[in-house]
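As stored in upload_6.pdb (PDB, C-alpha atoms, pLDDT in the B column):
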ATOM      1  CA  MET A   1     -20.294 -22.236  -8.012  1.00 75.00           C
ATOM      2  CA  GLY A   2     -17.007 -23.516  -6.680  1.00 90.00           C
ATOM      3  CA  TYR A   3     -13.976 -21.929  -5.065  1.00 92.00           C
ATOM      4  CA  GLU A   4     -12.780 -18.389  -4.464  1.00 95.00           C
ATOM      5  CA  ILE A   5      -9.065 -17.645  -4.043  1.00 94.00           C
ATOM      6  CA  GLU A   6      -7.960 -14.296  -2.673  1.00 95.00           C
ATOM      7  CA  LEU A   7      -4.383 -13.232  -3.488  1.00 94.00           C
ATOM      8  CA  SER A   8      -2.686 -10.057  -2.358  1.00 93.00           C
ATOM      9  CA  LEU A   9       0.319  -8.085  -3.535  1.00 91.00           C
ATOM     10  CA  ASP A  10       2.039  -5.580  -1.247  1.00 88.00           C
ATOM     11  CA  LEU A  11       2.391  -2.471  -3.403  1.00 86.00           C
ATOM     12  CA  ARG A  12       5.110  -1.025  -1.171  1.00 80.00           C
ATOM     13  CA  LYS A  13       7.522  -3.907  -1.818  1.00 84.00           C
ATOM     14  CA  HIS A  14       7.431  -4.422  -5.583  1.00 78.00           C
ATOM     15  CA  LYS A  15       8.277  -2.270  -8.578  1.00 80.00           C
ATOM     16  CA  SER A  16       6.766  -4.346 -11.395  1.00 83.00           C
ATOM     17  CA  VAL A  17       3.236  -4.411  -9.978  1.00 87.00           C
ATOM     18  CA  THR A  18       1.470  -4.227 -13.338  1.00 89.00           C
ATOM     19  CA  ASN A  19       3.520  -7.158 -14.684  1.00 91.00           C
ATOM     20  CA  ILE A  20       2.726  -9.338 -11.675  1.00 91.00           C
ATOM     21  CA  ILE A  21      -1.002  -8.508 -11.810  1.00 92.00           C
ATOM     22  CA  ASN A  22      -1.248  -9.091 -15.565  1.00 92.00           C
ATOM     23  CA  ASN A  23       0.679 -12.365 -15.340  1.00 92.00           C
ATOM     24  CA  ALA A  24      -1.533 -13.607 -12.506  1.00 93.00           C
ATOM     25  CA  GLN A  25      -4.648 -12.690 -14.478  1.00 94.00           C
ATOM     26  CA  ASP A  26      -3.308 -14.405 -17.622  1.00 94.00           C
ATOM     27  CA  LEU A  27      -2.481 -17.485 -15.570  1.00 95.00           C
ATOM     28  CA  ALA A  28      -5.991 -17.558 -14.077  1.00 94.00           C
ATOM     29  CA  GLU A  29      -7.525 -17.309 -17.538  1.00 95.00           C
ATOM     30  CA  CYS A  30      -5.165 -20.009 -18.821  1.00 95.00           C
ATOM     31  CA  TYR A  31      -6.481 -22.331 -16.102  1.00 94.00           C
ATOM     32  CA  ASP A  32     -10.065 -21.489 -17.072  1.00 94.00           C
ATOM     33  CA  CYS A  33     -11.135 -19.374 -14.102  1.00 94.00           C
ATOM     34  CA  ASP A  34     -14.797 -18.436 -13.938  1.00 93.00           C
ATOM     35  CA  ARG A  35     -14.386 -14.846 -12.670  1.00 93.00           C
ATOM     36  CA  PHE A  36     -11.555 -12.466 -11.822  1.00 93.00           C
ATOM     37  CA  TYR A  37     -11.860  -9.152 -10.027  1.00 92.00           C
ATOM     38  CA  GLN A  38      -9.531  -6.907  -8.073  1.00 91.00           C
ATOM     39  CA  PHE A  39      -9.508  -4.047  -5.582  1.00 89.00           C
ATOM     40  CA  SER A  40      -7.122  -2.070  -3.374  1.00 84.00           C
ATOM     41  CA  GLU A  41      -6.895  -2.103   0.396  1.00 78.00           C
ATOM     42  CA  CYS A  42      -5.029   0.435   2.545  1.00 76.00           C
ATOM     43  CA  ASN A  43      -4.496   0.650   6.306  1.00 74.00           C
ATOM     44  CA  GLY A  44      -2.848   3.486   8.194  1.00 66.00           C
ATOM     45  CA  GLU A  45      -2.357   7.195   7.701  1.00 63.00           C
ATOM     46  CA  VAL A  46      -1.252   8.911   4.514  1.00 59.00           C
ATOM     47  CA  ARG A  47       2.431   9.101   5.405  1.00 64.00           C
ATOM     48  CA  ARG A  48       2.544   5.942   7.502  1.00 66.00           C
ATOM     49  CA  LEU A  49       0.771   3.263   5.514  1.00 58.00           C
ATOM     50  CA  LYS A  50       0.855  -0.046   7.341  1.00 68.00           C
ATOM     51  CA  LYS A  51      -0.706  -1.935   4.458  1.00 72.00           C
ATOM     52  CA  ASN A  52      -1.106  -0.978   0.816  1.00 80.00           C
ATOM     53  CA  LEU A  53      -2.402  -4.084  -0.917  1.00 86.00           C
ATOM     54  CA  HIS A  54      -3.700  -4.917  -4.325  1.00 90.00           C
ATOM     55  CA  VAL A  55      -6.153  -7.800  -3.881  1.00 93.00           C
ATOM     56  CA  MET A  56      -7.132 -10.200  -6.651  1.00 95.00           C
ATOM     57  CA  VAL A  57     -10.050 -12.584  -6.301  1.00 96.00           C
ATOM     58  CA  ILE A  58     -10.104 -15.551  -8.656  1.00 96.00           C
ATOM     59  CA  CYS A  59     -13.152 -17.815  -8.827  1.00 96.00           C
ATOM     60  CA  PHE A  60     -13.177 -21.362 -10.208  1.00 95.00           C
ATOM     61  CA  ASN A  61     -16.144 -23.638 -10.868  1.00 93.00           C
ATOM     62  CA  LYS A  62     -16.127 -26.886  -8.911  1.00 89.00           C
ATOM     63  CA  GLU A  63     -15.832 -28.766 -12.235  1.00 92.00           C
ATOM     64  CA  ASN A  64     -12.434 -27.093 -12.723  1.00 90.00           C
ATOM     65  CA  PHE A  65     -11.020 -28.296  -9.408  1.00 89.00           C
ATOM     66  CA  GLU A  66      -7.912 -29.829 -10.999  1.00 91.00           C
ATOM     67  CA  ASN A  67      -7.239 -26.580 -12.906  1.00 92.00           C
ATOM     68  CA  MET A  68      -7.562 -24.614  -9.674  1.00 91.00           C
ATOM     69  CA  ILE A  69      -5.027 -26.889  -7.933  1.00 90.00           C
ATOM     70  CA  ASN A  70      -2.615 -26.471 -10.854  1.00 92.00           C
ATOM     71  CA  PHE A  71      -3.174 -22.687 -10.773  1.00 93.00           C
ATOM     72  CA  LEU A  72      -2.304 -22.605  -7.061  1.00 90.00           C
ATOM     73  CA  LYS A  73       0.834 -24.702  -7.649  1.00 89.00           C
ATOM     74  CA  GLU A  74       1.994 -22.395 -10.425  1.00 91.00           C
ATOM     75  CA  ILE A  75       1.257 -19.213  -8.431  1.00 90.00           C
ATOM     76  CA  ILE A  76       3.193 -20.645  -5.495  1.00 88.00           C
ATOM     77  CA  GLY A  77       6.086 -21.688  -7.758  1.00 88.00           C
ATOM     78  CA  LYS A  78       6.393 -18.443  -9.726  1.00 88.00           C
ATOM     79  CA  TYR A  79       5.341 -15.818  -7.191  1.00 86.00           C
ATOM     80  CA  LYS A  80       6.325 -17.320  -3.836  1.00 80.00           C
ATOM     81  CA  LYS A  81       7.678 -14.066  -2.373  1.00 83.00           C
ATOM     82  CA  LYS A  82       5.422 -11.649  -4.280  1.00 90.00           C
ATOM     83  CA  LEU A  83       1.815 -12.870  -4.166  1.00 92.00           C
ATOM     84  CA  TYR A  84       0.311 -13.978  -0.872  1.00 92.00           C
ATOM     85  CA  ILE A  85      -2.561 -16.411  -0.681  1.00 91.00           C
ATOM     86  CA  GLU A  86      -4.884 -14.722   1.784  1.00 92.00           C
ATOM     87  CA  SER A  87      -7.811 -17.124   1.636  1.00 93.00           C
ATOM     88  CA  VAL A  88      -9.437 -20.032  -0.150  1.00 91.00           C
ATOM     89  CA  TYR A  89     -13.188 -20.298   0.239  1.00 92.00           C
ATOM     90  CA  ASN A  90     -15.531 -23.126  -0.801  1.00 88.00           C
ATOM     91  CA  ILE A  91     -18.609 -21.290  -2.068  1.00 91.00           C
ATOM     92  CA  ASN A  92     -20.818 -24.408  -2.231  1.00 87.00           C
ATOM     93  CA  ASN A  93     -20.221 -25.438   1.397  1.00 83.00           C
ATOM     94  CA  HIS A  94     -19.864 -21.860   2.686  1.00 86.00           C
ATOM     95  CA  SER A  95     -16.618 -22.853   4.364  1.00 85.00           C
ATOM     96  CA  LEU A  96     -13.240 -21.209   4.632  1.00 87.00           C
ATOM     97  CA  ILE A  97     -10.561 -23.736   3.680  1.00 86.00           C
ATOM     98  CA  TYR A  98      -7.528 -21.542   4.274  1.00 88.00           C
ATOM     99  CA  ALA A  99      -6.951 -18.136   5.874  1.00 88.00           C
ATOM    100  CA  SER A 100      -3.614 -16.349   6.248  1.00 90.00           C
ATOM    101  CA  ASN A 101      -2.665 -14.662   9.504  1.00 88.00           C
ATOM    102  CA  TYR A 102      -3.506 -11.263   8.025  1.00 88.00           C
ATOM    103  CA  TYR A 103      -6.872 -12.477   6.771  1.00 90.00           C
ATOM    104  CA  MET A 104      -7.661 -13.891  10.210  1.00 90.00           C
ATOM    105  CA  SER A 105      -6.808 -10.534  11.793  1.00 89.00           C
ATOM    106  CA  ILE A 106      -9.554  -8.812   9.768  1.00 88.00           C
ATOM    107  CA  MET A 107     -12.177 -11.546  10.242  1.00 89.00           C
ATOM    108  CA  GLU A 108     -15.059 -11.202  12.663  1.00 92.00           C
ATOM    109  CA  LYS A 109     -14.626 -13.081  15.947  1.00 91.00           C
ATOM    110  CA  GLU A 110     -17.352 -15.663  15.246  1.00 90.00           C
ATOM    111  CA  GLN A 111     -15.923 -16.533  11.817  1.00 88.00           C
ATOM    112  CA  LYS A 112     -12.415 -16.712  13.243  1.00 89.00           C
ATOM    113  CA  ASP A 113     -13.538 -19.066  16.021  1.00 89.00           C
ATOM    114  CA  ASP A 114     -15.337 -21.336  13.523  1.00 86.00           C
ATOM    115  CA  TYR A 115     -12.249 -21.494  11.310  1.00 82.00           C
ATOM    116  CA  LYS A 116      -9.925 -22.207  14.257  1.00 85.00           C
ATOM    117  CA  GLU A 117     -12.234 -24.977  15.477  1.00 84.00           C
ATOM    118  CA  ARG A 118     -12.353 -26.649  12.053  1.00 77.00           C
ATOM    119  CA  ARG A 119      -8.576 -26.386  11.786  1.00 77.00           C
ATOM    120  CA  SER A 120      -7.925 -27.783  15.272  1.00 78.00           C
ATOM    121  CA  ASN A 121     -10.383 -30.659  14.716  1.00 77.00           C
ATOM    122  CA  ARG A 122      -8.901 -31.253  11.290  1.00 68.00           C
ATOM    123  CA  SER A 123     -12.391 -31.499   9.857  1.00 65.00           C
ATOM    124  CA  PHE A 124     -11.416 -31.017   6.237  1.00 66.00           C
ATOM    125  CA  THR A 125     -12.711 -32.857   3.188  1.00 67.00           C
ATOM    126  CA  GLU A 126     -10.443 -34.690   0.776  1.00 68.00           C
ATOM    127  CA  THR A 127     -10.606 -31.784  -1.689  1.00 70.00           C
ATOM    128  CA  ASP A 128      -9.707 -29.366   1.121  1.00 72.00           C
ATOM    129  CA  TYR A 129      -6.645 -31.515   1.795  1.00 70.00           C
ATOM    130  CA  PHE A 130      -5.407 -31.147  -1.810  1.00 68.00           C
ATOM    131  CA  ILE A 131      -5.720 -27.374  -1.567  1.00 75.00           C
ATOM    132  CA  LEU A 132      -4.100 -27.088   1.850  1.00 76.00           C
ATOM    133  CA  ARG A 133      -1.239 -29.454   1.014  1.00 71.00           C
ATOM    134  CA  ASP A 134       0.283 -27.045  -1.520  1.00 66.00           C
ATOM    135  CA  ILE A 135      -0.378 -23.873   0.449  1.00 72.00           C
ATOM    136  CA  LEU A 136       1.061 -25.228   3.677  1.00 64.00           C
ATOM    137  CA  LYS A 137       4.079 -26.634   1.831  1.00 62.00           C
ATOM    138  CA  LYS A 138       4.719 -23.080   0.542  1.00 53.00           C
ATOM    139  CA  ASN A 139       4.532 -21.652   4.069  1.00 51.00           C
ATOM    140  CA  ILE A 140       6.956 -24.246   5.448  1.00 44.00           C
ATOM    141  CA  ASN A 141       9.508 -23.566   2.686  1.00 49.00           C
ATOM    142  CA  LYS A 142       9.571 -19.760   3.151  1.00 48.00           C
TER     143      LYS A 142
END

Can the structure in the file be given as structure tokens, please?
Amino acid sequence: MGYEIELSLDLRKHKSVTNIINNAQDLAECYDCDRFYQFSECNGEVRRLKKNLHVMVICFNKENFENMINFLKEIIGKYKKKLYIESVYNINNHSLIYASNYYMSIMEKEQKDDYKERRSNRSFTETDYFILRDILKKNINK
């Protein structure tokens, strides 16, 4: 077990959806991901969709930590405005390392409070720091 990265793509904003999904999957396989699966998520009514997302979940073994960091850097570099990092989860420690604003809005209250407390206390491990450093740098440079 290791880490789980959840990426989303807003289907309403992009025309080359298949290209982006295939490239992300190829990139994950290039960096030796353990598992890759995907699903769709919609919110709203038929004619007034608030969210129409394609979600990709990429799992890395803890032995491939460096590959996962490089994967995140490349995703951020190539797909800064297209793919959104929704969450990064440490499966071994059962801890959420990163959650986007949208992801936090769909979390249960207890989970959200735990995450906010960890974030405010800055109780992250050294490996968490390496993950967060690149994600937060992306969010600052938007």

Selection result for the PyMOL selection byres ((chain A and resi 16-23) around 9) on this file, as a PyMOL selection string: chain A and resi 9-11+14-15+24-28+54+56+79+82-83

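Shortest atom-to-atom contact with Cys59 of chain A among A:Asp113, A:Glu4, A:Glu108, A:Glu29: A:Glu4, counting all atoms listed in the file.
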
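With all atoms listed in the file as the atoms that count, the minimum distance from Asn64 of chain A to the choices A:Ile135, A:Cys33, A:Ile5, A:Leu96 is reached by A:Cys33.
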
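Going from atom CA of Ser40 of chain A to atom CA of Ser8 of chain A covers 9.2 Å.
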
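Of the listed residues (A:Met1, A:Ala99, A:Met68, A:Ile76), A:Met68 comes nearest to Thr127 of chain A; the distances count only C-alpha atoms.
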
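Taking atom CA of Phe71 of chain A as the reference point, atom CA of Asp34 of chain A is found at 12.8 Å.
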